[in-house]
Every structure is written in C-alpha cells, then in structure tokens.
Amino acid sequence: MWNEVYVEEGLKSHPRVLKILEKIPSAPIYVDRYDEIWGRSKKPYLHKRETLNLFLAKKEGQLLKLAPDAYGLDGEAHYYFIHAYNCIYECQYCYLQGYFNTPDIVLFMNHEDILLEMKKTLALHPGKKVWFHAGEFSDSLALSHLTGELSLYHEFCESHSEAVIELRTKSVNTKEMEKLPPLKNFITSFSLSPSEMARRVDLKTPSTNLRLKAMEKLHLMGHSIAAHFDPIIYEDDFKKNYQDLLESMGKLGLTQNLNYLSLGVVRFTKDVFREMERNYPDSLIQTGPMVKSFDNKVRYHRPMRMWMMNTIKDLSIEHGVPKDKIYLCMEENA
Ligand code: SF4
C-alpha cells in the first residue's frame, strides 16, 4: 500500500512506531522532520491513486483546535484533535484535496501530548461536558489496526466522564473498537449517504450497506454510535433516497439508538471547490446553483439548504430519530 515510509529520527525506537513498522514490509527512510519532505513540493491530489507515502511523525504546535460554531450539539464546548493528516479514501467533495500540498499520509505518534492537552482543556470548563472530535483531517478508524492508539483515548474517557470523544469514520474497520468495552462517552459516528450517491462520490470507501452493518455490530456490542448525513448532495430524488437510507437504518434498530444525527449540506472552501471541479469534472455533485455564503464557503443558497435539511430532518423524525438528537451542522442560526 505504501510507496515510501518516512520516520522521524527522534521516533526511531518509539514503541508504537516499531509496532507499525513490523506490519510494513518496506524499509523506512529516516528523516529529521517529516515536513522537510512532506508537502515541500506540490503532489497533485489524484496521484494518491498511484503512489502514497506514509510519514510517522511528532505533531508540534497546536494539538487541539476549537471547533467552529455550529460544529456539534449546541451549548457545549467542541474541540477537534489532530492525530493524522490525509486519508486513504477519496471522496470527491473531500476538503483535504485543496487543503494540503500533498495527499501523502502523516500519522502523528505523540498521542500522550494530545491527551495532556485534553486534560488541560477539561480544566478550562469545570463541571461541563467537553467534546473532542477526531477525523477532521483523516478518517478515524480506517488505519486504526495499524496505529493502535484507540485504547489510549478510550482510557481517557473512562477516567474523565466529562469528556466525550467522537471518532468519525466511513470505515468498517471496527476490529480495534471491538476489543474495547463500551463507554457512553466514546462515540463512533458514521458518515452516511444514500447507497447510490455513496457509490458514485465516496470513492474507495466501504458501501453504505457495509457501513450500516459495521454500525449495527458496534451498537449490538453496546458501543455508542452516531450518524452524520453529511454532505447532503442535491439530486432530484434525494427525498426518496434518504427515506430508503432511514428505512435500512430503522430495520437494523439504528435510528432510535443514535446519540445524535447531524445534517449538513455539501459545502466547499473556494480552493477545494476549484480543485474538485478540476479533479472530478463529471461528478454527480451539481455545482451549478452554488453561491458564496455567510462563512465564505461555497454552497447551495440558504433557502435550498434549509429546505433539503428540513425535509431530511422530518423524514428522520418519522423514522424514529428523536427530534432532540438531530442538529444542523455548520449552519448559521439554524
Ligand atoms: S473519508 Fe473523510 S477524510 Fe477521507 S476522503 Fe472521505 S471525506 Fe476525506
């Protein structure tokens, strides 16, 4: 899977690095700092199809970032943590395609530093629930069998009941999760789209059906689950397609048991929008009616977004998702 594997000198004998290297046949190349090479020259996003390099590194600088408004459930503090850059999947709308100079993957090894930051952050919000979201710059579970850090974050949630960690994914790689006892505040959230849309735009990801099965499995084991219908993409029969998706979820007993369901309509920064049009000129994602919006993102105009989200919200309630568990993601005064 990896063309070249780069490891920072300082991590040469780090136990997690050694474990990862055991699973990779090619000999590593040692470098002082990953960013001496990673992203130094432009590597077009779609080159990830032919060559993908892996970097094992220490994250310096900010390890936790305050999430933007309307990122999660209202009235609670939301942060995301950065444990990796880039992703093995290739969703056509993915904002990573215009974000970094390269699609090569970086896995950060200093999870203990991230956990320390989380602890400090909890102290800033005494007695309050604080959310830590993973998966902002990568998929949270896709490589979890290789990286082996989930148990550390799980332990943190076990000893800090005021912390909630969300692992956001499109993967069905639940093996590591299955080894852990369920915890209310350790949530796996699946991003879902109607089957045909996912097949056409979520390239290289497991199908919607497989994601639902993975979700069911975790739910039956007692794990906390959630769902994101995000991005919602307009197509003439979107209502019927979301109805089918919700029916499939209902049959598996998922709709009633979600910790939350977030709804978000497709949106892009200017750069990602340009990149997407260049990378996927024949995409199903219709970009015709998009406009620059309140946060400078490019999206459908507000009446259309609200109409789509409210249609899907009503359908979700009809299919058993409790109303107070649904929120509209990244919308102004939604
Ligand atoms: S799963 Fe998420 S991070 Fe990965 S390509 Fe798709 S949108 Fe991007």
# chains A, B, ... in the order shown; residues from 1 in each chain; ligands from 1
>>> select_by_dssp(residues="region 14-74 of chain A", states="alpha helix (DSSP H)", output="PDB file with N, CA and C atoms, in the first residue's frame")
ATOM      1  N   PRO A  15       7.874   2.825  20.795  1.00  0.00           N
ATOM      2  CA  PRO A  15       7.215   1.513  20.695  1.00  0.00           C
ATOM      3  C   PRO A  15       6.090   1.458  19.657  1.00  0.00           C
ATOM      4  N   ARG A  16       5.312   2.541  19.535  1.00  0.00           N
ATOM      5  CA  ARG A  16       4.215   2.491  18.555  1.00  0.00           C
ATOM      6  C   ARG A  16       4.753   2.513  17.120  1.00  0.00           C
ATOM      7  N   VAL A  17       5.860   3.214  16.937  1.00  0.00           N
ATOM      8  CA  VAL A  17       6.478   3.250  15.602  1.00  0.00           C
ATOM      9  C   VAL A  17       6.993   1.847  15.248  1.00  0.00           C
ATOM     10  N   LEU A  18       7.649   1.212  16.215  1.00  0.00           N
ATOM     11  CA  LEU A  18       8.205  -0.122  15.945  1.00  0.00           C
ATOM     12  C   LEU A  18       7.087  -1.099  15.591  1.00  0.00           C
ATOM     13  N   LYS A  19       5.982  -0.979  16.289  1.00  0.00           N
ATOM     14  CA  LYS A  19       4.837  -1.864  16.007  1.00  0.00           C
ATOM     15  C   LYS A  19       4.287  -1.638  14.598  1.00  0.00           C
ATOM     16  N   ILE A  20       4.202  -0.378  14.211  1.00  0.00           N
ATOM     17  CA  ILE A  20       3.697  -0.064  12.866  1.00  0.00           C
ATOM     18  C   ILE A  20       4.665  -0.621  11.823  1.00  0.00           C
ATOM     19  N   LEU A  21       5.957  -0.409  12.065  1.00  0.00           N
ATOM     20  CA  LEU A  21       6.953  -0.852  11.079  1.00  0.00           C
ATOM     21  C   LEU A  21       6.957  -2.371  10.921  1.00  0.00           C
ATOM     22  N   GLU A  22       6.629  -3.084  12.011  1.00  0.00           N
ATOM     23  CA  GLU A  22       6.548  -4.555  11.911  1.00  0.00           C
ATOM     24  C   GLU A  22       5.525  -4.992  10.862  1.00  0.00           C
TER      25      GLU A  22
END
>>> closest_atom_pairs(of="chain A", to="ligand 1", cutoff="6 Å", atoms="only C-alpha atoms and all ligand atoms", output="JSON lines")
{"residue": "A:Cys87", "atom": "CA", "partner": "ligand 1", "partner_atom_place_in_ligand_line": "4 (Fe)", "distance": 4.6}
{"residue": "A:Tyr89", "atom": "CA", "partner": "ligand 1", "partner_atom_place_in_ligand_line": "5 (S)", "distance": 4.3}
{"residue": "A:Glu90", "atom": "CA", "partner": "ligand 1", "partner_atom_place_in_ligand_line": "5 (S)", "distance": 4.1}
{"residue": "A:Cys91", "atom": "CA", "partner": "ligand 1", "partner_atom_place_in_ligand_line": "6 (Fe)", "distance": 4.2}
{"residue": "A:Cys94", "atom": "CA", "partner": "ligand 1", "partner_atom_place_in_ligand_line": "8 (Fe)", "distance": 4.2}
{"residue": "A:Phe137", "atom": "CA", "partner": "ligand 1", "partner_atom_place_in_ligand_line": "3 (S)", "distance": 5.8}
{"residue": "A:Ser138", "atom": "CA", "partner": "ligand 1", "partner_atom_place_in_ligand_line": "3 (S)", "distance": 4.3}
{"residue": "A:Asp139", "atom": "CA", "partner": "ligand 1", "partner_atom_place_in_ligand_line": "3 (S)", "distance": 5.1}
{"residue": "A:Lys170", "atom": "CA", "partner": "ligand 1", "partner_atom_place_in_ligand_line": "1 (S)", "distance": 5.5}
>>> select_by_dssp(residues="region 23-252 of chain A", states="strand (DSSP E)", output="JSON, numbers by chain")
{"A": [29, 30, 31, 54, 55, 56, 57, 64, 65, 66, 77, 78, 79, 80, 81, 84, 85, 90, 91, 105, 106, 107, 108, 130, 131, 132, 133, 134, 163, 164, 165, 166, 167, 168, 169, 186, 187, 188, 189, 190, 191, 202, 203, 224, 225, 226, 227, 228, 229, 230, 231, 232]}
>>> atom_distance(atom1="CA of Leu258 (chain A)", atom2="CA of Leu66 (chain A)")
24.4 Å
>>> closest_atom_pairs(of="region 200-286 of chain A", to="region 313-326 of chain A", cutoff="10 Å", atoms="only C-alpha atoms", output="CSV")
residue,atom,partner,partner_atom,distance
A:Ala226,CA,A:Lys325,CA,9.5
A:Ala227,CA,A:Ile326,CA,9.7
A:His228,CA,A:Ile326,CA,9.7
A:Lys239,CA,A:Leu315,CA,8.3
A:Lys240,CA,A:Leu315,CA,9.8
A:Tyr242,CA,A:Leu315,CA,7.9
A:Gln243,CA,A:Leu315,CA,6.6
A:Leu245,CA,A:Ser316,CA,9.8
A:Leu246,CA,A:His319,CA,6.4
A:Glu247,CA,A:His319,CA,7.0
A:Met249,CA,A:His319,CA,8.8
A:Gly250,CA,A:His319,CA,6.6
A:Lys251,CA,A:His319,CA,10.0
A:Gly253,CA,A:Gly320,CA,9.4
A:Leu254,CA,A:Val321,CA,8.7
A:Thr255,CA,A:Val321,CA,5.0
A:Gln256,CA,A:Val321,CA,5.1
A:Asn257,CA,A:Val321,CA,7.7
A:Leu258,CA,A:Val321,CA,7.2
A:Asn259,CA,A:Lys325,CA,6.6
A:Tyr260,CA,A:Lys325,CA,4.5
A:Leu261,CA,A:Ile326,CA,4.8
A:Ser262,CA,A:Ile326,CA,5.7
A:Leu263,CA,A:Ile326,CA,7.5
>>> closest_residue(among="A:His154, A:Arg274, A:Lys120, A:Arg267", to="Glu166 (chain A)", atoms="only C-alpha atoms")
A:His154
>>> residues_around(residues="region 293-296 of chain A", least_positions_apart="2", cutoff="8 Å", atoms="only C-alpha atoms", output="VMD selection string")
chain A and resid 269 to 270 291 298 to 299 301 332
>>> closest_residue(among="A:Tyr34, A:Phe55, A:Phe100, A:Phe229", to="Met309 (chain A)", atoms="only C-alpha atoms")
A:Phe229
>>> residues_around(residues="Ala134 (chain A)", least_positions_apart="5", cutoff="12 Å", atoms="only C-alpha atoms", output="ChimeraX atom specification")
/A:63-65,67,78-85,111,114,139-141,150,153,164-169,186-189
>>> write_last_selection(atoms="N, CA and C atoms", output="JSON list (two decimals), in the first residue's frame")
[["chain", "number", "residue", "atom", "x", "y", "z"],
["A", 63, "LEU", "N", -2.26, 21.07, 19.11],
["A", 63, "LEU", "CA", -2.71, 19.68, 19.02],
["A", 63, "LEU", "C", -4.23, 19.58, 19.07],
["A", 64, "LEU", "N", -4.82, 20.61, 19.68],
["A", 64, "LEU", "CA", -6.29, 20.67, 19.78],
["A", 64, "LEU", "C", -6.72, 21.99, 19.20],
["A", 65, "LYS", "N", -7.83, 22.00, 18.49],
["A", 65, "LYS", "CA", -8.32, 23.27, 17.97],
["A", 65, "LYS", "C", -9.78, 23.42, 18.34],
["A", 67, "ALA", "N", -13.43, 23.97, 17.75],
["A", 67, "ALA", "CA", -14.21, 23.71, 16.53],
["A", 67, "ALA", "C", -15.04, 24.94, 16.20],
["A", 78, "HIS", "N", -16.69, 22.36, 21.98],
["A", 78, "HIS", "CA", -16.26, 21.37, 20.98],
["A", 78, "HIS", "C", -14.84, 21.69, 20.50],
["A", 79, "TYR", "N", -14.00, 20.69, 20.53],
["A", 79, "TYR", "CA", -12.64, 20.81, 20.01],
["A", 79, "TYR", "C", -12.40, 19.65, 19.05],
["A", 80, "TYR", "N", -11.47, 19.83, 18.15],
["A", 80, "TYR", "CA", -11.02, 18.64, 17.43],
["A", 80, "TYR", "C", -9.54, 18.45, 17.65],
["A", 81, "PHE", "N", -9.12, 17.19, 17.59],
["A", 81, "PHE", "CA", -7.70, 16.92, 17.82],
["A", 81, "PHE", "C", -7.09, 16.35, 16.56],
["A", 82, "ILE", "N", -5.79, 16.60, 16.45],
["A", 82, "ILE", "CA", -5.13, 16.30, 15.18],
["A", 82, "ILE", "C", -4.17, 15.14, 15.39],
["A", 83, "HIS", "N", -4.56, 13.99, 14.93],
["A", 83, "HIS", "CA", -3.71, 12.81, 15.12],
["A", 83, "HIS", "C", -3.20, 12.28, 13.78],
["A", 84, "ALA", "N", -3.67, 12.87, 12.68],
["A", 84, "ALA", "CA", -3.22, 12.41, 11.36],
["A", 84, "ALA", "C", -3.57, 13.46, 10.32],
["A", 85, "TYR", "N", -2.84, 13.41, 9.21],
["A", 85, "TYR", "CA", -3.17, 14.24, 8.05],
["A", 85, "TYR", "C", -3.41, 13.32, 6.86],
["A", 111, "HIS", "N", 0.42, 10.79, 20.90],
["A", 111, "HIS", "CA", -0.95, 10.84, 21.44],
["A", 111, "HIS", "C", -0.96, 11.29, 22.90],
["A", 114, "ILE", "N", -1.38, 14.88, 23.09],
["A", 114, "ILE", "CA", -2.76, 15.28, 22.78],
["A", 114, "ILE", "C", -3.63, 15.08, 24.03],
["A", 139, "ASP", "N", -9.60, 9.89, 8.33],
["A", 139, "ASP", "CA", -10.66, 9.03, 8.83],
["A", 139, "ASP", "C", -10.19, 8.42, 10.16],
["A", 140, "SER", "N", -11.10, 8.34, 11.14],
["A", 140, "SER", "CA", -10.67, 7.92, 12.49],
["A", 140, "SER", "C", -10.42, 6.42, 12.65],
["A", 141, "LEU", "N", -11.09, 5.60, 11.84],
["A", 141, "LEU", "CA", -10.92, 4.16, 12.05],
["A", 141, "LEU", "C", -10.17, 3.45, 10.93],
["A", 150, "LEU", "N", -6.33, 3.69, 19.82],
["A", 150, "LEU", "CA", -7.69, 3.89, 20.33],
["A", 150, "LEU", "C", -7.81, 3.62, 21.82],
["A", 153, "TYR", "N", -7.21, 6.68, 24.06],
["A", 153, "TYR", "CA", -8.31, 7.66, 24.11],
["A", 153, "TYR", "C", -9.49, 7.09, 24.89],
["A", 164, "VAL", "N", -16.06, 13.80, 26.06],
["A", 164, "VAL", "CA", -16.70, 12.93, 25.07],
["A", 164, "VAL", "C", -15.78, 12.91, 23.85],
["A", 165, "ILE", "N", -15.40, 11.72, 23.44],
["A", 165, "ILE", "CA", -14.58, 11.63, 22.23],
["A", 165, "ILE", "C", -15.43, 11.07, 21.11],
["A", 166, "GLU", "N", -15.37, 11.74, 19.97],
["A", 166, "GLU", "CA", -16.09, 11.25, 18.79],
["A", 166, "GLU", "C", -15.08, 10.80, 17.75],
["A", 167, "LEU", "N", -15.24, 9.57, 17.30],
["A", 167, "LEU", "CA", -14.40, 9.04, 16.22],
["A", 167, "LEU", "C", -15.26, 9.01, 14.97],
["A", 168, "ARG", "N", -14.92, 9.85, 14.03],
["A", 168, "ARG", "CA", -15.78, 9.97, 12.85],
["A", 168, "ARG", "C", -15.19, 9.14, 11.71],
["A", 169, "THR", "N", -16.05, 8.38, 11.04],
["A", 169, "THR", "CA", -15.50, 7.43, 10.07],
["A", 169, "THR", "C", -16.45, 7.09, 8.93],
["A", 186, "PHE", "N", -17.62, 7.49, 24.51],
["A", 186, "PHE", "CA", -16.64, 7.17, 23.47],
["A", 186, "PHE", "C", -17.47, 6.73, 22.26],
["A", 187, "ILE", "N", -17.68, 7.69, 21.37],
["A", 187, "ILE", "CA", -18.72, 7.51, 20.34],
["A", 187, "ILE", "C", -18.11, 7.30, 18.96],
["A", 188, "THR", "N", -18.58, 6.29, 18.27],
["A", 188, "THR", "CA", -18.18, 6.12, 16.87],
["A", 188, "THR", "C", -19.31, 6.66, 16.00],
["A", 189, "SER", "N", -18.98, 7.63, 15.17],
["A", 189, "SER", "CA", -20.02, 8.21, 14.32],
["A", 189, "SER", "C", -19.71, 7.89, 12.86]]
>>> residues_around(residues="Leu212 (chain A)", least_positions_apart="2", cutoff="9 Å", atoms="only C-alpha atoms", output="PyMOL selection string")
chain A and resi 172+190+192+207-210+214-217+248-249+252+254
>>> closest_residue(among="A:Tyr280, A:Phe156, A:Tyr6, A:Trp131", to="Leu107 (chain A)", atoms="only C-alpha atoms")
A:Tyr6
>>> atom_distance(atom1="CA of Pro206 (chain A)", atom2="CA of Asn173 (chain A)")
9.6 Å
>>> atom_distance(atom1="CA of His125 (chain A)", atom2="CA of Asp113 (chain A)")
19.1 Å
>>> closest_residue(among="A:Lys128, A:Lys43, A:His160, A:Lys119", to="Thr102 (chain A)", atoms="only C-alpha atoms")
A:Lys43
>>> decode(residues="region 219-321 of chain A", atoms="C-alpha atoms", output="short mmCIF file (atom, residue, chain, number, x, y, z; two decimals), in the first residue's frame")
data_model
loop_
_atom_site.label_atom_id
_atom_site.label_comp_id
_atom_site.auth_asym_id
_atom_site.auth_seq_id
_atom_site.Cartn_x
_atom_site.Cartn_y
_atom_site.Cartn_z
CA HIS A 219 -24.42 -0.98 18.53
CA LEU A 220 -25.21 -4.61 19.38
CA MET A 221 -21.97 -4.76 21.36
CA GLY A 222 -23.21 -1.81 23.39
CA HIS A 223 -20.95 0.87 21.89
CA SER A 224 -22.22 4.41 21.49
CA ILE A 225 -22.99 5.29 17.90
CA ALA A 226 -23.99 8.38 15.97
CA ALA A 227 -24.52 9.33 12.34
CA HIS A 228 -23.77 12.20 10.03
CA PHE A 229 -25.82 12.74 6.90
CA ASP A 230 -23.11 14.99 5.64
CA PRO A 231 -22.60 16.05 2.96
CA ILE A 232 -26.15 16.01 1.68
CA ILE A 233 -25.94 16.45 -2.08
CA TYR A 234 -28.86 17.55 -4.20
CA GLU A 235 -30.32 15.10 -6.68
CA ASP A 236 -33.90 15.08 -7.97
CA ASP A 237 -34.93 12.10 -5.86
CA PHE A 238 -32.92 12.95 -2.74
CA LYS A 239 -36.04 12.64 -0.54
CA LYS A 240 -36.77 9.09 -1.70
CA ASN A 241 -33.09 8.13 -1.35
CA TYR A 242 -32.86 9.39 2.25
CA GLN A 243 -36.14 7.65 3.00
CA ASP A 244 -34.58 4.36 1.81
CA LEU A 245 -31.47 5.01 3.88
CA LEU A 246 -33.52 5.72 7.00
CA GLU A 247 -35.62 2.60 6.40
CA SER A 248 -32.48 0.47 6.22
CA MET A 249 -31.22 2.08 9.43
CA GLY A 250 -34.58 1.53 11.11
CA LYS A 251 -34.58 -2.17 10.21
CA LEU A 252 -31.24 -2.53 11.96
CA GLY A 253 -32.53 -0.72 15.04
CA LEU A 254 -30.18 2.20 14.49
CA THR A 255 -32.45 5.24 14.09
CA GLN A 256 -33.79 5.06 17.64
CA ASN A 257 -30.38 4.48 19.15
CA LEU A 258 -28.28 7.27 17.73
CA ASN A 259 -26.56 9.54 20.21
CA TYR A 260 -27.07 12.23 17.60
CA LEU A 261 -27.67 12.71 13.90
CA SER A 262 -26.06 15.68 12.24
CA LEU A 263 -27.26 17.04 8.92
CA GLY A 264 -25.01 19.12 6.71
CA VAL A 265 -25.37 20.16 3.11
CA VAL A 266 -22.33 19.93 0.82
CA ARG A 267 -20.02 22.94 1.11
CA PHE A 268 -16.55 23.88 -0.04
CA THR A 269 -13.91 26.46 0.53
CA LYS A 270 -13.07 28.36 -2.64
CA ASP A 271 -9.86 26.37 -3.16
CA VAL A 272 -11.46 22.98 -2.63
CA PHE A 273 -14.31 23.92 -4.94
CA ARG A 274 -11.85 24.73 -7.71
CA GLU A 275 -9.84 21.59 -7.03
CA MET A 276 -12.96 19.41 -7.03
CA GLU A 277 -14.13 20.79 -10.35
CA ARG A 278 -10.70 20.06 -11.78
CA ASN A 279 -10.35 16.57 -10.28
CA TYR A 280 -13.89 15.36 -10.91
CA PRO A 281 -15.32 17.25 -13.89
CA ASP A 282 -18.04 14.61 -14.40
CA SER A 283 -19.04 14.39 -10.75
CA LEU A 284 -22.66 13.91 -9.74
CA ILE A 285 -22.16 16.81 -7.37
CA GLN A 286 -24.04 19.57 -9.08
CA THR A 287 -22.20 22.81 -8.56
CA GLY A 288 -24.43 24.99 -10.76
CA PRO A 289 -26.61 26.70 -8.12
CA MET A 290 -23.82 27.24 -5.57
CA VAL A 291 -23.09 30.64 -4.06
CA LYS A 292 -20.57 32.14 -1.63
CA SER A 293 -22.16 32.01 1.79
CA PHE A 294 -22.01 33.56 5.30
CA ASP A 295 -18.68 31.92 6.18
CA ASN A 296 -17.14 32.40 2.74
CA LYS A 297 -17.86 28.80 1.85
CA VAL A 298 -19.40 27.87 -1.45
CA ARG A 299 -22.74 26.08 -1.02
CA TYR A 300 -26.33 25.96 -2.28
CA HIS A 301 -28.29 29.11 -1.40
CA ARG A 302 -29.81 29.16 2.05
CA PRO A 303 -33.48 28.50 1.17
CA MET A 304 -32.42 25.43 -0.77
CA ARG A 305 -30.17 24.19 2.05
CA MET A 306 -32.81 24.71 4.69
CA TRP A 307 -35.45 23.03 2.53
CA MET A 308 -33.20 19.99 2.00
CA MET A 309 -32.18 19.74 5.65
CA ASN A 310 -35.71 20.22 6.98
CA THR A 311 -37.03 17.61 4.54
CA ILE A 312 -34.47 15.11 5.80
CA LYS A 313 -34.94 16.16 9.41
CA ASP A 314 -38.71 15.47 9.16
CA LEU A 315 -38.05 12.13 7.50
CA SER A 316 -35.57 11.20 10.24
CA ILE A 317 -38.11 12.00 12.95
CA GLU A 318 -40.74 9.92 11.10
CA HIS A 319 -38.27 7.05 11.11
CA GLY A 320 -37.70 7.18 14.82
CA VAL A 321 -34.73 9.51 15.36
#
